[in-house]
Amino acid sequence: MNELSHCIAGDEVIKWWLGVVLMFFITTGVILYVFTMDYASEKAMTEITKELKSNEDEISKLLEDPEIRKYIETGKPPKQNLPFTTKNEAVQFISERYSVQELAGIREKVSKGLNEEEKLAVYEKLLEKVTDDELMALKVVALKEIKKR
């Protein structure tokens with residue numbers, strides 16, 4: 001009887017260690033997922049900022065709106081109902097709309113350098129999941145980031 005109770009206690013220890021190892025892998029996976037999403041979203045926001053920076057016509061068009069100009073200059077949110085107005089909210093928006101694989105694919109393409117045709121394809125891919133208001137908000141946040149630098 002004593003051997004049987006000793007054997008049961010050993011099984012409990014094994015189960016406990018398996019639980020610890022399982023929790024370690026789950027925690028590591030969640031941390032890696034969050035880090036990857038933040039990194040990929042940040043990279044996408046940087047690319048939107050770069051693209052907008054190189055497009056003077058788009059910047060001029062955005063700055064024609066007095067509410068957006070005031071927001072860029074003062075930080076006071078525009079009266080227009082933009083879905084988001086800060087970089088953190090934009091990064092969160094991007095990470096909700098696009099999967100890790102999509103963002104990683106875009107990052108990989110961008111890191112290799114893009115010609116005009118490839119830039120247009122990436123831009124169209126981004127537009128597939130974004131409304132006009134959300135695109136405007138992304139551009140406004142990107143313009144605000146440009147002005148900060």
# chains A, B, ... in the order shown; residues from 1 in each chain; ligands from 1
$ residues_around --residues "Val130 (chain A)" --least-positions-apart "5" --cutoff "10 Å" --atoms "only C-alpha atoms" --output "list in words"
Phe93, Ile94, Arg97, Lys125, Leu135, Met136 and Leu138 of chain A
$ residues_around --residues "region 74-90 of chain A" --least-positions-apart "2" --cutoff "12 Å" --atoms "only C-alpha atoms" --output "ChimeraX atom specification"
/A:38,41-46,48-49,65-72,92-97,130-148
$ write_last_selection --atoms "N, CA and C atoms" --output "tab-separated table (two decimals), in the first residue's frame"
chain	number	residue	atom	x	y	z
A	38	ASP	N	3.09	44.03	-32.50
A	38	ASP	CA	3.51	45.41	-32.27
A	38	ASP	C	4.58	45.82	-33.27
A	41	SER	N	3.04	46.06	-36.86
A	41	SER	CA	2.16	47.22	-36.96
A	41	SER	C	2.96	48.51	-36.98
A	42	GLU	N	3.97	48.57	-36.15
A	42	GLU	CA	4.85	49.75	-36.11
A	42	GLU	C	5.54	49.92	-37.46
A	43	LYS	N	5.98	48.83	-38.03
A	43	LYS	CA	6.65	48.85	-39.34
A	43	LYS	C	5.67	49.33	-40.41
A	44	ALA	N	4.44	48.85	-40.38
A	44	ALA	CA	3.43	49.28	-41.36
A	44	ALA	C	3.16	50.78	-41.22
A	45	MET	N	3.07	51.27	-39.98
A	45	MET	CA	2.84	52.70	-39.75
A	45	MET	C	4.02	53.51	-40.27
A	46	THR	N	5.23	53.01	-40.09
A	46	THR	CA	6.42	53.69	-40.59
A	46	THR	C	6.38	53.77	-42.11
A	48	ILE	N	3.69	53.73	-44.03
A	48	ILE	CA	2.65	54.68	-44.41
A	48	ILE	C	3.19	56.10	-44.28
A	49	THR	N	3.93	56.35	-43.21
A	49	THR	CA	4.54	57.67	-43.00
A	49	THR	C	5.52	57.99	-44.11
A	65	ASP	N	-7.44	71.12	-45.21
A	65	ASP	CA	-8.54	71.04	-44.24
A	65	ASP	C	-8.10	71.77	-42.97
A	66	PRO	N	-8.79	72.87	-42.60
A	66	PRO	CA	-8.37	73.65	-41.42
A	66	PRO	C	-8.38	72.86	-40.12
A	67	GLU	N	-9.32	71.92	-39.98
A	67	GLU	CA	-9.39	71.11	-38.76
A	67	GLU	C	-8.17	70.21	-38.64
A	68	ILE	N	-7.76	69.59	-39.74
A	68	ILE	CA	-6.60	68.70	-39.72
A	68	ILE	C	-5.34	69.53	-39.48
A	69	ARG	N	-5.23	70.68	-40.15
A	69	ARG	CA	-4.06	71.56	-39.95
A	69	ARG	C	-3.95	71.96	-38.47
A	70	LYS	N	-5.08	72.32	-37.87
A	70	LYS	CA	-5.10	72.72	-36.46
A	70	LYS	C	-4.67	71.55	-35.57
A	71	TYR	N	-5.17	70.35	-35.89
A	71	TYR	CA	-4.80	69.16	-35.11
A	71	TYR	C	-3.30	68.89	-35.20
A	72	ILE	N	-2.74	68.98	-36.41
A	72	ILE	CA	-1.31	68.72	-36.60
A	72	ILE	C	-0.48	69.74	-35.82
A	92	GLN	N	-2.61	49.93	-33.04
A	92	GLN	CA	-3.62	48.98	-32.56
A	92	GLN	C	-4.61	48.64	-33.68
A	93	PHE	N	-5.05	49.65	-34.40
A	93	PHE	CA	-5.97	49.45	-35.53
A	93	PHE	C	-5.37	48.52	-36.57
A	94	ILE	N	-4.12	48.79	-36.95
A	94	ILE	CA	-3.45	47.97	-37.96
A	94	ILE	C	-3.33	46.53	-37.48
A	95	SER	N	-2.96	46.35	-36.21
A	95	SER	CA	-2.78	44.99	-35.71
A	95	SER	C	-4.11	44.23	-35.61
A	96	GLU	N	-5.23	44.94	-35.48
A	96	GLU	CA	-6.53	44.29	-35.45
A	96	GLU	C	-7.00	43.90	-36.85
A	97	ARG	N	-6.63	44.68	-37.85
A	97	ARG	CA	-7.12	44.45	-39.21
A	97	ARG	C	-6.30	43.45	-40.01
A	130	VAL	N	-9.59	48.69	-45.26
A	130	VAL	CA	-9.65	50.00	-44.62
A	130	VAL	C	-10.73	50.85	-45.30
A	131	THR	N	-11.57	51.51	-44.49
A	131	THR	CA	-12.56	52.43	-45.04
A	131	THR	C	-11.89	53.77	-45.35
A	132	ASP	N	-12.61	54.64	-46.03
A	132	ASP	CA	-12.06	55.96	-46.36
A	132	ASP	C	-11.73	56.76	-45.10
A	133	ASP	N	-12.61	56.70	-44.09
A	133	ASP	CA	-12.36	57.42	-42.84
A	133	ASP	C	-11.13	56.88	-42.12
A	134	GLU	N	-10.97	55.57	-42.12
A	134	GLU	CA	-9.81	54.96	-41.47
A	134	GLU	C	-8.53	55.32	-42.21
A	135	LEU	N	-8.60	55.34	-43.54
A	135	LEU	CA	-7.44	55.75	-44.33
A	135	LEU	C	-7.08	57.19	-44.05
A	136	MET	N	-8.09	58.05	-43.96
A	136	MET	CA	-7.84	59.46	-43.63
A	136	MET	C	-7.18	59.57	-42.26
A	137	ALA	N	-7.66	58.80	-41.29
A	137	ALA	CA	-7.07	58.83	-39.95
A	137	ALA	C	-5.62	58.36	-39.98
A	138	LEU	N	-5.34	57.30	-40.75
A	138	LEU	CA	-3.95	56.82	-40.88
A	138	LEU	C	-3.07	57.91	-41.48
A	139	LYS	N	-3.56	58.58	-42.50
A	139	LYS	CA	-2.78	59.64	-43.13
A	139	LYS	C	-2.55	60.81	-42.17
A	140	VAL	N	-3.58	61.16	-41.41
A	140	VAL	CA	-3.44	62.27	-40.45
A	140	VAL	C	-2.41	61.92	-39.37
A	141	VAL	N	-2.49	60.69	-38.85
A	141	VAL	CA	-1.52	60.26	-37.83
A	141	VAL	C	-0.11	60.24	-38.43
A	142	ALA	N	0.00	59.74	-39.66
A	142	ALA	CA	1.31	59.70	-40.33
A	142	ALA	C	1.85	61.12	-40.53
A	143	LEU	N	0.99	62.03	-40.93
A	143	LEU	CA	1.41	63.42	-41.13
A	143	LEU	C	1.85	64.05	-39.81
A	144	LYS	N	1.12	63.72	-38.76
A	144	LYS	CA	1.51	64.23	-37.43
A	144	LYS	C	2.89	63.69	-37.04
A	145	GLU	N	3.15	62.42	-37.34
A	145	GLU	CA	4.47	61.83	-37.06
A	145	GLU	C	5.55	62.52	-37.89
A	146	ILE	N	5.25	62.83	-39.14
A	146	ILE	CA	6.22	63.53	-39.99
A	146	ILE	C	6.55	64.89	-39.38
A	147	LYS	N	5.54	65.60	-38.94
A	147	LYS	CA	5.74	66.94	-38.37
A	147	LYS	C	6.54	66.88	-37.06
A	148	LYS	N	6.41	65.78	-36.30
A	148	LYS	CA	7.18	65.62	-35.06
A	148	LYS	C	8.67	65.55	-35.35
$ select_by_dssp --residues "region 46-113 of chain A" --states "helix (DSSP H, G or I)" --output "ChimeraX atom specification"
/A:46-53,56-64,66-74,87-97,100-111
$ closest_residue --among "A:Val20, A:Leu62, A:Leu103, A:Glu117" --to "Val91 (chain A)" --atoms "only C-alpha atoms"
A:Leu103
$ atom_distance --atom1 "CA of Val100 (chain A)" --atom2 "CA of Met37 (chain A)"
6.1 Å
